[in-house]
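Below is one structure, written out as structure tokens; the observations come after it.
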Amino acid sequence: MDKSEQIKSLIAEIPDFPKPGVLFRDITSLLDHPQGLRMAVQSMMDLTRDVEYDAIMGSQSRGFIFSAAMSYENGKPLILARKPGKLPRAVITAEYDLEYGKDSLQIHADSLKKGQRVLLVDDLMATGGTIKAMVELTEKSGAIVAGIVVLMELVDLKGREHLKGYPVFSCVKY
């Protein structure tokens with residue numbers, strides 16, 4: 001079994017969560033497995049081995065798990081993209097669409113420098129809204145999106161279509 005299939009086998013599938021008709025992919029079962037997190041992080045690093053970047057941005061909250069581990073392993077600064085009201089200094093904000101409304105992410109206004117190359121990290125890409133907000137935060141800062149890596153990609157939701165022109169990598173696809 002290849003690494004992608006091993007990772008997939010550790011992700012629990014929960015039918016009808018959070019509402020009927022939805023099949024939720026739960027990464028806590030992967031994190032419960034002694035080698036699950038290591039395998040997932042290593043796979044994400046392998047996929048982005050040839051991407052040149054200066055910093056890593058992870059999104060709240062599950063994206064923090066993978067971005068923090070990658071930041072530590074690669075000795076790169078970690079930028080946290082948080083929900084509004086969670087960061088104490090001046091912020092930059094980007095809105096994104098939800099199924100029934102809008103949400104937003106913020107980073108500290110001084111987190112990124114102009115021209116800095118940033119690797120965006122999250123656990124899941126579905127419609128691409130969260131990642132697109134991270135792209136906007138990066139570019140509003142004058143920084144450059146060097147690449148995007150996610151643990152899971154829900155291909156049928158076509159999030160990748162909203163990220164044309166950016167290198168996108170995913171460990172497992174559903």
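Scheme for the structure tokens: letters A, B, ... for chains in order shown; per-chain residue numbers from 1; ligand numbers from 1 in order shown.
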
For Leu78 in chain A, find every residue with an atom within 12 Å (counting only C-alpha atoms), except residues of its own chain fewer than 6 positions away, and show them as a list in words.
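The residues that qualify are Tyr53, Asp54, Ala55, Ile56, Met57, Gly58, Ser59, Gly63, Phe64, Ile65, Phe66, Ser67, Ala68, Ala69, Met70, Ser71, Tyr72, Ile107, His108, Ser111, Leu112, Val118, Leu119, Leu120 and Val121 of chain A.
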
If you run DSSP on the backbone here, which positions in range 55-157 of chain A get alpha helix (DSSP H)? Please write them as a list in words.
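Selection result, alpha helix (DSSP H) within range 55-157 of chain A: Arg62, Gly63, Phe64, Ile65, Phe66, Ser67, Ala68, Ala69, Met70, Ser71, Tyr72, Glu73, Asn74, Gly129, Thr130, Ile131, Lys132, Ala133, Met134, Val135, Glu136, Leu137, Thr138, Glu139 and Lys140 of chain A.
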
Please report, as JSON lines, each residue of range 97-152 of chain A lying at most 12 Å from range 17-38 of chain A, together with the nearest pair of atoms and the separation in Å rounded to one decimal; use only C-alpha atoms, and order rows by chain and ascending residue number.
```
{"residue": "A:Asp123", "atom": "CA", "partner": "A:Ile27", "partner_atom": "CA", "distance": 8.4}
{"residue": "A:Leu124", "atom": "CA", "partner": "A:Arg25", "partner_atom": "CA", "distance": 9.3}
{"residue": "A:Met125", "atom": "CA", "partner": "A:Arg25", "partner_atom": "CA", "distance": 11.7}
{"residue": "A:Ala126", "atom": "CA", "partner": "A:Arg25", "partner_atom": "CA", "distance": 11.4}
{"residue": "A:Leu151", "atom": "CA", "partner": "A:Ile27", "partner_atom": "CA", "distance": 9.4}
{"residue": "A:Met152", "atom": "CA", "partner": "A:Arg25", "partner_atom": "CA", "distance": 8.8}
```

Do you know which residues are at most 12 Å from Asp103 in chain A counting only C-alpha atoms, after dropping those on the same chain fewer than 6 positions away, and could you put them as an mmCIF file with all heavy atoms, in the first residue's frame?
```
data_model
loop_
_atom_site.group_PDB
_atom_site.id
_atom_site.type_symbol
_atom_site.label_atom_id
_atom_site.label_comp_id
_atom_site.auth_asym_id
_atom_site.auth_seq_id
_atom_site.Cartn_x
_atom_site.Cartn_y
_atom_site.Cartn_z
ATOM 1 N N ARG A 82 -6.049 33.227 11.377
ATOM 2 C CA ARG A 82 -7.021 32.978 12.452
ATOM 3 C C ARG A 82 -8.370 33.594 12.138
ATOM 4 O O ARG A 82 -8.484 34.499 11.325
ATOM 5 C CB ARG A 82 -6.507 33.586 13.760
ATOM 6 C CG ARG A 82 -5.126 33.126 14.127
ATOM 7 C CD ARG A 82 -4.919 32.344 15.354
ATOM 8 N NE ARG A 82 -6.029 31.779 16.049
ATOM 9 C CZ ARG A 82 -6.154 31.797 17.379
ATOM 10 N NH1 ARG A 82 -5.255 32.401 18.131
ATOM 11 N NH2 ARG A 82 -7.170 31.212 17.960
ATOM 12 N N LYS A 83 -9.357 33.131 12.860
ATOM 13 C CA LYS A 83 -10.698 33.725 12.803
ATOM 14 C C LYS A 83 -10.625 35.117 13.426
ATOM 15 O O LYS A 83 -9.740 35.399 14.248
ATOM 16 C CB LYS A 83 -11.704 32.859 13.557
ATOM 17 C CG LYS A 83 -11.829 31.448 13.010
ATOM 18 C CD LYS A 83 -12.500 31.418 11.675
ATOM 19 C CE LYS A 83 -12.649 29.981 11.196
ATOM 20 N NZ LYS A 83 -13.243 29.896 9.899
ATOM 21 N N PRO A 84 -11.548 36.011 13.060
ATOM 22 C CA PRO A 84 -11.523 37.389 13.571
ATOM 23 C C PRO A 84 -11.549 37.460 15.099
ATOM 24 O O PRO A 84 -12.174 36.633 15.767
ATOM 25 C CB PRO A 84 -12.801 38.004 12.986
ATOM 26 C CG PRO A 84 -13.080 37.197 11.769
ATOM 27 C CD PRO A 84 -12.624 35.805 12.090
ATOM 28 N N THR A 93 -7.343 41.323 6.812
ATOM 29 C CA THR A 93 -8.492 40.428 6.782
ATOM 30 C C THR A 93 -8.846 40.041 5.352
ATOM 31 O O THR A 93 -8.735 40.856 4.439
ATOM 32 C CB THR A 93 -9.719 41.118 7.427
ATOM 33 O OG1 THR A 93 -9.376 41.518 8.752
ATOM 34 C CG2 THR A 93 -10.929 40.208 7.464
ATOM 35 N N ALA A 94 -9.282 38.797 5.180
ATOM 36 C CA ALA A 94 -9.810 38.318 3.896
ATOM 37 C C ALA A 94 -11.084 37.535 4.177
ATOM 38 O O ALA A 94 -11.103 36.664 5.048
ATOM 39 C CB ALA A 94 -8.790 37.445 3.182
ATOM 40 N N GLU A 95 -12.157 37.870 3.457
ATOM 41 C CA GLU A 95 -13.430 37.165 3.588
ATOM 42 C C GLU A 95 -13.505 36.017 2.598
ATOM 43 O O GLU A 95 -12.882 36.065 1.535
ATOM 44 C CB GLU A 95 -14.595 38.121 3.285
ATOM 45 C CG GLU A 95 -15.128 38.829 4.469
ATOM 46 C CD GLU A 95 -16.472 39.501 4.184
ATOM 47 O OE1 GLU A 95 -17.007 39.422 3.062
ATOM 48 O OE2 GLU A 95 -16.976 40.122 5.128
ATOM 49 N N TYR A 96 -14.298 35.005 2.955
ATOM 50 C CA TYR A 96 -14.563 33.915 2.027
ATOM 51 C C TYR A 96 -15.977 33.407 2.232
ATOM 52 O O TYR A 96 -16.584 33.630 3.274
ATOM 53 C CB TYR A 96 -13.533 32.787 2.152
ATOM 54 C CG TYR A 96 -13.458 32.112 3.490
ATOM 55 C CD1 TYR A 96 -14.113 30.911 3.726
ATOM 56 C CD2 TYR A 96 -12.700 32.658 4.530
ATOM 57 C CE1 TYR A 96 -14.027 30.272 4.954
ATOM 58 C CE2 TYR A 96 -12.612 32.023 5.757
ATOM 59 C CZ TYR A 96 -13.284 30.838 5.961
ATOM 60 O OH TYR A 96 -13.192 30.218 7.184
ATOM 61 N N ASP A 97 -16.512 32.766 1.202
ATOM 62 C CA ASP A 97 -17.887 32.285 1.222
ATOM 63 C C ASP A 97 -17.990 30.931 1.890
ATOM 64 O O ASP A 97 -17.144 30.060 1.695
ATOM 65 C CB ASP A 97 -18.438 32.176 -0.207
ATOM 66 C CG ASP A 97 -18.596 33.523 -0.874
ATOM 67 O OD1 ASP A 97 -18.965 34.494 -0.170
ATOM 68 O OD2 ASP A 97 -18.343 33.620 -2.089
ATOM 69 N N GLY A 129 -12.478 27.918 -0.547
ATOM 70 C CA GLY A 129 -12.691 29.226 0.073
ATOM 71 C C GLY A 129 -11.641 29.619 1.095
ATOM 72 O O GLY A 129 -11.132 30.739 1.065
ATOM 73 N N THR A 130 -11.320 28.718 1.992
ATOM 74 C CA THR A 130 -10.332 29.026 3.031
ATOM 75 C C THR A 130 -8.965 29.284 2.407
ATOM 76 O O THR A 130 -8.286 30.255 2.758
ATOM 77 C CB THR A 130 -10.238 27.867 4.051
ATOM 78 O OG1 THR A 130 -11.529 27.596 4.577
ATOM 79 C CG2 THR A 130 -9.288 28.207 5.175
ATOM 80 N N ALA A 133 -8.812 32.606 0.713
ATOM 81 C CA ALA A 133 -8.635 33.687 1.684
ATOM 82 C C ALA A 133 -7.171 33.780 2.112
ATOM 83 O O ALA A 133 -6.627 34.886 2.262
ATOM 84 C CB ALA A 133 -9.538 33.456 2.901
#
```

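The coordinates place CA of Gln60 in chain A at 8.4 Å from CA of Asp122 in chain A.
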
Could you pull out the residues in range 85-120 of chain A that DSSP calls strand (DSSP E or B) from the backbone, as a ChimeraX atom specification?
/A:91-98,101-108,117-120

Take the selection from the previous step and output its residues with N, CA and C atoms, as a PDB file, in the first residue's frame.
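Dumped to selection-v1.pdb:
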```pdb
ATOM      1  N   VAL A  91      -4.226  43.820  12.041  1.00  0.00           N
ATOM      2  CA  VAL A  91      -4.442  42.651  11.198  1.00  0.00           C
ATOM      3  C   VAL A  91      -4.799  43.028   9.771  1.00  0.00           C
ATOM      4  N   ILE A  92      -4.633  42.048   8.890  1.00  0.00           N
ATOM      5  CA  ILE A  92      -5.134  42.080   7.524  1.00  0.00           C
ATOM      6  C   ILE A  92      -6.227  41.021   7.478  1.00  0.00           C
ATOM      7  N   THR A  93      -7.343  41.323   6.812  1.00  0.00           N
ATOM      8  CA  THR A  93      -8.492  40.428   6.782  1.00  0.00           C
ATOM      9  C   THR A  93      -8.846  40.041   5.352  1.00  0.00           C
ATOM     10  N   ALA A  94      -9.282  38.797   5.180  1.00  0.00           N
ATOM     11  CA  ALA A  94      -9.810  38.318   3.896  1.00  0.00           C
ATOM     12  C   ALA A  94     -11.084  37.535   4.177  1.00  0.00           C
ATOM     13  N   GLU A  95     -12.157  37.870   3.457  1.00  0.00           N
ATOM     14  CA  GLU A  95     -13.430  37.165   3.588  1.00  0.00           C
ATOM     15  C   GLU A  95     -13.505  36.017   2.598  1.00  0.00           C
ATOM     16  N   TYR A  96     -14.298  35.005   2.955  1.00  0.00           N
ATOM     17  CA  TYR A  96     -14.563  33.915   2.027  1.00  0.00           C
ATOM     18  C   TYR A  96     -15.977  33.407   2.232  1.00  0.00           C
ATOM     19  N   ASP A  97     -16.512  32.766   1.202  1.00  0.00           N
ATOM     20  CA  ASP A  97     -17.887  32.285   1.222  1.00  0.00           C
ATOM     21  C   ASP A  97     -17.990  30.931   1.890  1.00  0.00           C
ATOM     22  N   LEU A  98     -19.049  30.792   2.661  1.00  0.00           N
ATOM     23  CA  LEU A  98     -19.438  29.513   3.238  1.00  0.00           C
ATOM     24  C   LEU A  98     -20.702  29.053   2.510  1.00  0.00           C
ATOM     25  N   GLY A 101     -23.420  31.744   3.984  1.00  0.00           N
ATOM     26  CA  GLY A 101     -22.926  32.997   4.525  1.00  0.00           C
ATOM     27  C   GLY A 101     -21.467  33.230   4.219  1.00  0.00           C
ATOM     28  N   LYS A 102     -20.839  34.009   5.070  1.00  0.00           N
ATOM     29  CA  LYS A 102     -19.442  34.373   4.882  1.00  0.00           C
ATOM     30  C   LYS A 102     -18.680  34.165   6.191  1.00  0.00           C
ATOM     31  N   ASP A 103     -17.366  34.057   6.067  1.00  0.00           N
ATOM     32  CA  ASP A 103     -16.475  34.013   7.219  1.00  0.00           C
ATOM     33  C   ASP A 103     -15.221  34.764   6.802  1.00  0.00           C
ATOM     34  N   SER A 104     -14.271  34.894   7.689  1.00  0.00           N
ATOM     35  CA  SER A 104     -13.032  35.567   7.325  1.00  0.00           C
ATOM     36  C   SER A 104     -11.874  35.019   8.134  1.00  0.00           C
ATOM     37  N   LEU A 105     -10.687  35.270   7.605  1.00  0.00           N
ATOM     38  CA  LEU A 105      -9.429  34.928   8.260  1.00  0.00           C
ATOM     39  C   LEU A 105      -8.603  36.193   8.383  1.00  0.00           C
ATOM     40  N   GLN A 106      -7.719  36.203   9.372  1.00  0.00           N
ATOM     41  CA  GLN A 106      -6.849  37.349   9.593  1.00  0.00           C
ATOM     42  C   GLN A 106      -5.436  36.874   9.902  1.00  0.00           C
ATOM     43  N   ILE A 107      -4.473  37.704   9.521  1.00  0.00           N
ATOM     44  CA  ILE A 107      -3.092  37.528   9.956  1.00  0.00           C
ATOM     45  C   ILE A 107      -2.621  38.870  10.505  1.00  0.00           C
ATOM     46  N   HIS A 108      -1.571  38.845  11.320  1.00  0.00           N
ATOM     47  CA  HIS A 108      -0.986  40.101  11.766  1.00  0.00           C
ATOM     48  C   HIS A 108      -0.443  40.850  10.547  1.00  0.00           C
ATOM     49  N   ARG A 117       8.244  34.523   0.072  1.00  0.00           N
ATOM     50  CA  ARG A 117       7.543  33.404  -0.561  1.00  0.00           C
ATOM     51  C   ARG A 117       6.933  32.521   0.527  1.00  0.00           C
ATOM     52  N   VAL A 118       5.618  32.249   0.392  1.00  0.00           N
ATOM     53  CA  VAL A 118       4.871  31.589   1.457  1.00  0.00           C
ATOM     54  C   VAL A 118       4.240  30.287   0.949  1.00  0.00           C
ATOM     55  N   LEU A 119       4.375  29.231   1.745  1.00  0.00           N
ATOM     56  CA  LEU A 119       3.709  27.960   1.491  1.00  0.00           C
ATOM     57  C   LEU A 119       2.446  27.926   2.358  1.00  0.00           C
ATOM     58  N   LEU A 120       1.286  27.773   1.722  1.00  0.00           N
ATOM     59  CA  LEU A 120       0.013  27.728   2.429  1.00  0.00           C
ATOM     60  C   LEU A 120      -0.328  26.279   2.747  1.00  0.00           C
TER      61      LEU A 120
END
```

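Of the listed residues (A:Asp156, A:Tyr174, A:Ala146, A:Gly165), A:Ala146 comes nearest to Asp50 in chain A; the distances count only C-alpha atoms.
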
Smallest atom-to-atom distance to Ser141 in chain A: which of A:Glu52, A:Asp110, A:Glu13, A:Glu161, using only C-alpha atoms?
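Smallest separation from Ser141 in chain A among the options: A:Asp110.
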
What separation in Å, quoted to one decimal, exists between CA of Ile79 in chain A and CA of Lys114 in chain A?
14.3 Å

Name the residues in contact with Val155 in chain A at a cut-off of 8 Å, using only C-alpha atoms, excluding same-chain residues fewer than 2 positions from it; report them as an MDAnalysis selection string.
chainID A and resid 126 153 157:160 173:174

For Glu5 in chain A, work out the shell of residues within 12 Å, counting only C-alpha atoms and skipping chain neighbours fewer than 2 positions away, then give it as JSON, numbers by chain.
{"A": [1, 2, 3, 7, 8, 9, 10, 11, 36, 39, 40, 43, 152, 171, 172, 173, 174]}

Dump of N, CA, C and O atoms for the selected residues, as a PDB file, in the first residue's frame:
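Writing done, so here's again.pdb:
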```
ATOM      1  N   MET A   1       0.846  -1.177   0.000  1.00  0.00           N
ATOM      2  CA  MET A   1       0.000   0.000   0.000  1.00  0.00           C
ATOM      3  C   MET A   1       0.895   1.246   0.000  1.00  0.00           C
ATOM      4  O   MET A   1       1.801   1.360   0.810  1.00  0.00           O
ATOM      5  N   ASP A   2       0.643   2.191  -0.926  1.00  0.00           N
ATOM      6  CA  ASP A   2       1.471   3.401  -0.969  1.00  0.00           C
ATOM      7  C   ASP A   2       1.083   4.352   0.174  1.00  0.00           C
ATOM      8  O   ASP A   2       0.099   4.137   0.885  1.00  0.00           O
ATOM      9  N   LYS A   3       1.895   5.413   0.349  1.00  0.00           N
ATOM     10  CA  LYS A   3       1.704   6.324   1.483  1.00  0.00           C
ATOM     11  C   LYS A   3       0.332   6.988   1.451  1.00  0.00           C
ATOM     12  O   LYS A   3      -0.321   7.131   2.491  1.00  0.00           O
ATOM     13  N   ILE A   7      -2.396   6.727   4.462  1.00  0.00           N
ATOM     14  CA  ILE A   7      -2.994   7.894   5.110  1.00  0.00           C
ATOM     15  C   ILE A   7      -4.511   7.804   5.034  1.00  0.00           C
ATOM     16  O   ILE A   7      -5.208   7.988   6.039  1.00  0.00           O
ATOM     17  N   LYS A   8      -5.029   7.500   3.855  1.00  0.00           N
ATOM     18  CA  LYS A   8      -6.478   7.371   3.667  1.00  0.00           C
ATOM     19  C   LYS A   8      -7.069   6.339   4.620  1.00  0.00           C
ATOM     20  O   LYS A   8      -8.149   6.539   5.186  1.00  0.00           O
ATOM     21  N   SER A   9      -6.352   5.235   4.815  1.00  0.00           N
ATOM     22  CA  SER A   9      -6.867   4.163   5.678  1.00  0.00           C
ATOM     23  C   SER A   9      -6.958   4.583   7.137  1.00  0.00           C
ATOM     24  O   SER A   9      -7.688   3.964   7.914  1.00  0.00           O
ATOM     25  N   LEU A  10      -6.244   5.635   7.507  1.00  0.00           N
ATOM     26  CA  LEU A  10      -6.255   6.118   8.889  1.00  0.00           C
ATOM     27  C   LEU A  10      -7.270   7.242   9.132  1.00  0.00           C
ATOM     28  O   LEU A  10      -7.445   7.685  10.265  1.00  0.00           O
ATOM     29  N   ILE A  11      -7.929   7.708   8.075  1.00  0.00           N
ATOM     30  CA  ILE A  11      -8.913   8.784   8.197  1.00  0.00           C
ATOM     31  C   ILE A  11     -10.302   8.149   8.289  1.00  0.00           C
ATOM     32  O   ILE A  11     -10.737   7.463   7.364  1.00  0.00           O
ATOM     33  N   GLY A  36       0.616   8.152  12.320  1.00  0.00           N
ATOM     34  CA  GLY A  36      -0.257   8.879  11.396  1.00  0.00           C
ATOM     35  C   GLY A  36       0.175  10.301  11.116  1.00  0.00           C
ATOM     36  O   GLY A  36       0.287  10.717   9.961  1.00  0.00           O
ATOM     37  N   MET A  39       3.507  10.419   9.225  1.00  0.00           N
ATOM     38  CA  MET A  39       3.336  10.048   7.828  1.00  0.00           C
ATOM     39  C   MET A  39       2.677  11.179   7.024  1.00  0.00           C
ATOM     40  O   MET A  39       3.092  11.487   5.913  1.00  0.00           O
ATOM     41  N   ALA A  40       1.660  11.812   7.613  1.00  0.00           N
ATOM     42  CA  ALA A  40       0.967  12.898   6.927  1.00  0.00           C
ATOM     43  C   ALA A  40       1.896  14.093   6.702  1.00  0.00           C
ATOM     44  O   ALA A  40       1.972  14.632   5.592  1.00  0.00           O
ATOM     45  N   SER A  43       4.557  13.294   4.125  1.00  0.00           N
ATOM     46  CA  SER A  43       3.977  13.285   2.788  1.00  0.00           C
ATOM     47  C   SER A  43       3.806  14.712   2.260  1.00  0.00           C
ATOM     48  O   SER A  43       4.120  14.998   1.102  1.00  0.00           O
ATOM     49  N   MET A 152      -5.991  16.584   2.528  1.00  0.00           N
ATOM     50  CA  MET A 152      -7.086  15.972   1.778  1.00  0.00           C
ATOM     51  C   MET A 152      -7.687  16.966   0.790  1.00  0.00           C
ATOM     52  O   MET A 152      -7.841  18.141   1.118  1.00  0.00           O
ATOM     53  N   CYS A 171      -2.224  15.298  -0.510  1.00  0.00           N
ATOM     54  CA  CYS A 171      -1.740  13.950  -0.162  1.00  0.00           C
ATOM     55  C   CYS A 171      -2.739  12.881  -0.582  1.00  0.00           C
ATOM     56  O   CYS A 171      -2.357  11.848  -1.107  1.00  0.00           O
ATOM     57  N   VAL A 172      -4.014  13.119  -0.276  1.00  0.00           N
ATOM     58  CA  VAL A 172      -5.058  12.163  -0.645  1.00  0.00           C
ATOM     59  C   VAL A 172      -6.203  12.900  -1.302  1.00  0.00           C
ATOM     60  O   VAL A 172      -6.504  14.049  -0.954  1.00  0.00           O
ATOM     61  N   LYS A 173      -6.824  12.237  -2.252  1.00  0.00           N
ATOM     62  CA  LYS A 173      -7.960  12.817  -2.979  1.00  0.00           C
ATOM     63  C   LYS A 173      -9.168  11.918  -2.810  1.00  0.00           C
ATOM     64  O   LYS A 173      -9.054  10.695  -2.881  1.00  0.00           O
ATOM     65  N   TYR A 174     -10.284  12.561  -2.597  1.00  0.00           N
ATOM     66  CA  TYR A 174     -11.570  11.853  -2.518  1.00  0.00           C
ATOM     67  C   TYR A 174     -12.471  12.391  -3.601  1.00  0.00           C
ATOM     68  O   TYR A 174     -12.429  13.541  -3.935  1.00  0.00           O
TER      69      TYR A 174
END
```

Which distance in Å separates CA of Gly142 in chain A and CA of Ser170 in chain A, to one decimal?
25.5 Å
